[in-house]
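Please read the structure below before turning to the comments.
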Amino acid sequence: MSDLLTQYFERYAEEAIVKMKAALIAVDYYERIRVRLVRKEDLSGELAIIGKVGPAGTMTVVKEAIADYKSQVAGAWELNKRLQDIGKHKVSLIFNEREHLPRVDVSYQFKSKAGTVKIHITSAGETFRLEINAGKNPMASQMACIELEKQLTFIALTG
């Protein structure tokens, strides 16, 4: 299969896992603050914002931060907008209470005149498995991969 496609989607998966971990760490941090605020603990020495907006305002900020970071967990796996426009993209998160990171199942399908390239990524923890399938016909699969590579190059050049 194509080295360029493999490198691109491996980097995509690695970066998504890093983003997802950072967002989950932030969610955990703000959840602990939320629990302490519910218990009416005095956090004014730890959080300067409490002195400015009070406990009720801080609770609002904490809830907004939790919601924002939870959306970032799923958003970590979003592909470049241009890639989404030219193909089909689906992300499924599977949360297990015994695992720190959710398992992810990502599929992407790109159709061209030469054929269809299917990308499938599954993750468990910080590891992932990448499968690229462009069909059984070697010539058609190579041409389909080249078409997707052209799109990736164009996206990289146009920012």
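Ligands are numbered from 1 in the order shown, residues from 1 within each chain, and chains are lettered A, B, ... in the order they appear in the structure tokens.
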
Please list as a PDB file with C-alpha atoms, in the first residue's frame every residue within 6 Å of A:His120, counting only C-alpha atoms and excluding residues in the same chain fewer than 6 positions away.
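This is the output file out-v7.pdb:
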```pdb
ATOM      1  CA  VAL A 106     -12.768   5.376  12.527  1.00  0.00           C
ATOM      2  CA  SER A 107     -13.670   4.627   8.945  1.00  0.00           C
ATOM      3  CA  LEU A 130      -4.527   1.014  10.647  1.00  0.00           C
ATOM      4  CA  GLU A 131      -5.926  -0.822   7.636  1.00  0.00           C
TER       5      GLU A 131
END
```

Tell me, as a list in words, which residues lie within 12 Å of A:Ile132, counting only C-alpha atoms; anything in the same chain fewer than 4 positions away does not count.
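My reading of the contact set: Met1, Ser2, Asp3, Leu4, Leu5, Thr6, Gln7, Tyr8, Phe9, Glu10, Val106, Ser107, Tyr108, Gln109, Phe110, Thr116, Val117, Lys118, Ile119, His120, Ile121, Thr122, Lys136, Ser141, Gln142, Ala144, Cys145 and Leu148 of chain A.
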
Mind checking which residues fall within 10 Å of A:Lys113, counting only C-alpha atoms, ignoring those fewer than 2 positions away in the same chain, and posting them as a PyMOL selection string?
chain A and resi 111+115-116+140+143-144+147

Please produce a file of those selected residues containing N, CA and C atoms, as a PDB file, in the first residue's frame.
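Writing done, so here's selection.pdb:
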```
ATOM      1  N   LYS A 111     -13.818   7.769  -2.808  1.00  0.00           N
ATOM      2  CA  LYS A 111     -14.113   7.193  -4.122  1.00  0.00           C
ATOM      3  C   LYS A 111     -13.552   8.089  -5.212  1.00  0.00           C
ATOM      4  N   GLY A 115     -11.124   3.933  -8.393  1.00  0.00           N
ATOM      5  CA  GLY A 115     -11.588   2.957  -7.414  1.00  0.00           C
ATOM      6  C   GLY A 115     -11.829   3.597  -6.064  1.00  0.00           C
ATOM      7  N   THR A 116     -12.033   2.775  -5.067  1.00  0.00           N
ATOM      8  CA  THR A 116     -12.342   3.235  -3.721  1.00  0.00           C
ATOM      9  C   THR A 116     -11.220   2.840  -2.773  1.00  0.00           C
ATOM     10  N   ALA A 140      -5.709  -0.935 -10.283  1.00  0.00           N
ATOM     11  CA  ALA A 140      -6.780  -0.020  -9.875  1.00  0.00           C
ATOM     12  C   ALA A 140      -6.550   0.487  -8.455  1.00  0.00           C
ATOM     13  N   MET A 143      -3.863   3.159  -8.498  1.00  0.00           N
ATOM     14  CA  MET A 143      -4.374   4.411  -9.068  1.00  0.00           C
ATOM     15  C   MET A 143      -5.298   5.123  -8.080  1.00  0.00           C
ATOM     16  N   ALA A 144      -6.132   4.368  -7.363  1.00  0.00           N
ATOM     17  CA  ALA A 144      -7.031   4.965  -6.371  1.00  0.00           C
ATOM     18  C   ALA A 144      -6.224   5.595  -5.242  1.00  0.00           C
ATOM     19  N   GLU A 147      -4.756   8.841  -6.409  1.00  0.00           N
ATOM     20  CA  GLU A 147      -5.764   9.902  -6.419  1.00  0.00           C
ATOM     21  C   GLU A 147      -5.948  10.494  -5.021  1.00  0.00           C
TER      22      GLU A 147
END
```

Using only C-alpha atoms, which of A:Glu15, A:Glu46, A:Glu126, A:Glu41 sits nearest A:Glu99?
A:Glu126

Interatomic distance (Å, one decimal) between atom CA of A:Met20 and atom CA of A:Ala76:
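Taking atom CA of A:Met20 as the start and atom CA of A:Ala76 as the end point, the length is 5.8 Å.
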
Counting only C-alpha atoms, figure out which residue out of A:Ala124, A:Leu79, A:Ala56, A:Val62 gets nearest to A:Arg11.
A:Leu79

DSSP on the backbone: what in stretch 36-73 of chain A comes out helix (DSSP H, G or I), as a ChimeraX atom specification?
/A:36-38,49-73

Atom CA of A:Gly45 and atom CA of A:Lys63 are how many Å apart?
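Those two atoms sit 20.1 Å apart.
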
Mind pulling up the distance from atom CA of A:Glu97 to atom CA of A:Val38?
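Atom CA of A:Glu97 lies at a distance of 23.1 Å from atom CA of A:Val38.
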
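With distances taken over only C-alpha atoms, A:Ile66 is the one residue among A:Ala114, A:Leu93, A:Ile66, A:Ile146 lying closest to A:Tyr29.
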
For the structure I just gave you, how does DSSP split chain A - specifically, which residues are strand (DSSP E)? Reply as a PyMOL selection string.
chain A and resi 87-94+103-112+115-124+127-133

Residues from the last selection, C-alpha atoms, saved as an mmCIF file, in the first residue's frame:
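Now in again33.cif:
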```cif
data_model
loop_
_atom_site.group_PDB
_atom_site.id
_atom_site.type_symbol
_atom_site.label_atom_id
_atom_site.label_comp_id
_atom_site.auth_asym_id
_atom_site.auth_seq_id
_atom_site.Cartn_x
_atom_site.Cartn_y
_atom_site.Cartn_z
ATOM 1 C CA GLY A 87 -15.183 11.177 1.181
ATOM 2 C CA LYS A 88 -17.269 9.473 3.827
ATOM 3 C CA HIS A 89 -16.036 9.718 7.422
ATOM 4 C CA LYS A 90 -17.444 8.000 10.515
ATOM 5 C CA VAL A 91 -16.115 8.023 14.076
ATOM 6 C CA SER A 92 -17.436 5.821 16.882
ATOM 7 C CA LEU A 93 -16.281 6.173 20.490
ATOM 8 C CA ILE A 94 -16.769 3.219 22.828
ATOM 9 C CA ARG A 103 -11.852 2.869 22.167
ATOM 10 C CA VAL A 104 -12.234 4.447 18.781
ATOM 11 C CA ASP A 105 -13.411 3.049 15.479
ATOM 12 C CA VAL A 106 -12.768 5.376 12.527
ATOM 13 C CA SER A 107 -13.670 4.627 8.945
ATOM 14 C CA TYR A 108 -12.985 6.784 5.938
ATOM 15 C CA GLN A 109 -13.903 6.009 2.360
ATOM 16 C CA PHE A 110 -12.646 7.912 -0.690
ATOM 17 C CA LYS A 111 -14.113 7.193 -4.122
ATOM 18 C CA SER A 112 -12.471 8.161 -7.376
ATOM 19 C CA GLY A 115 -11.588 2.957 -7.414
ATOM 20 C CA THR A 116 -12.342 3.235 -3.721
ATOM 21 C CA VAL A 117 -9.837 3.529 -0.902
ATOM 22 C CA LYS A 118 -11.086 2.431 2.511
ATOM 23 C CA ILE A 119 -9.234 3.482 5.653
ATOM 24 C CA HIS A 120 -10.095 1.805 8.945
ATOM 25 C CA ILE A 121 -8.515 2.714 12.276
ATOM 26 C CA THR A 122 -9.291 1.056 15.588
ATOM 27 C CA SER A 123 -7.702 2.081 18.845
ATOM 28 C CA ALA A 124 -7.391 0.575 22.298
ATOM 29 C CA THR A 127 -2.335 1.836 20.500
ATOM 30 C CA PHE A 128 -4.077 1.733 17.171
ATOM 31 C CA ARG A 129 -4.418 -0.462 14.138
ATOM 32 C CA LEU A 130 -4.527 1.014 10.647
ATOM 33 C CA GLU A 131 -5.926 -0.822 7.636
ATOM 34 C CA ILE A 132 -5.876 0.607 4.124
ATOM 35 C CA ASN A 133 -7.821 -1.307 1.505
#
```
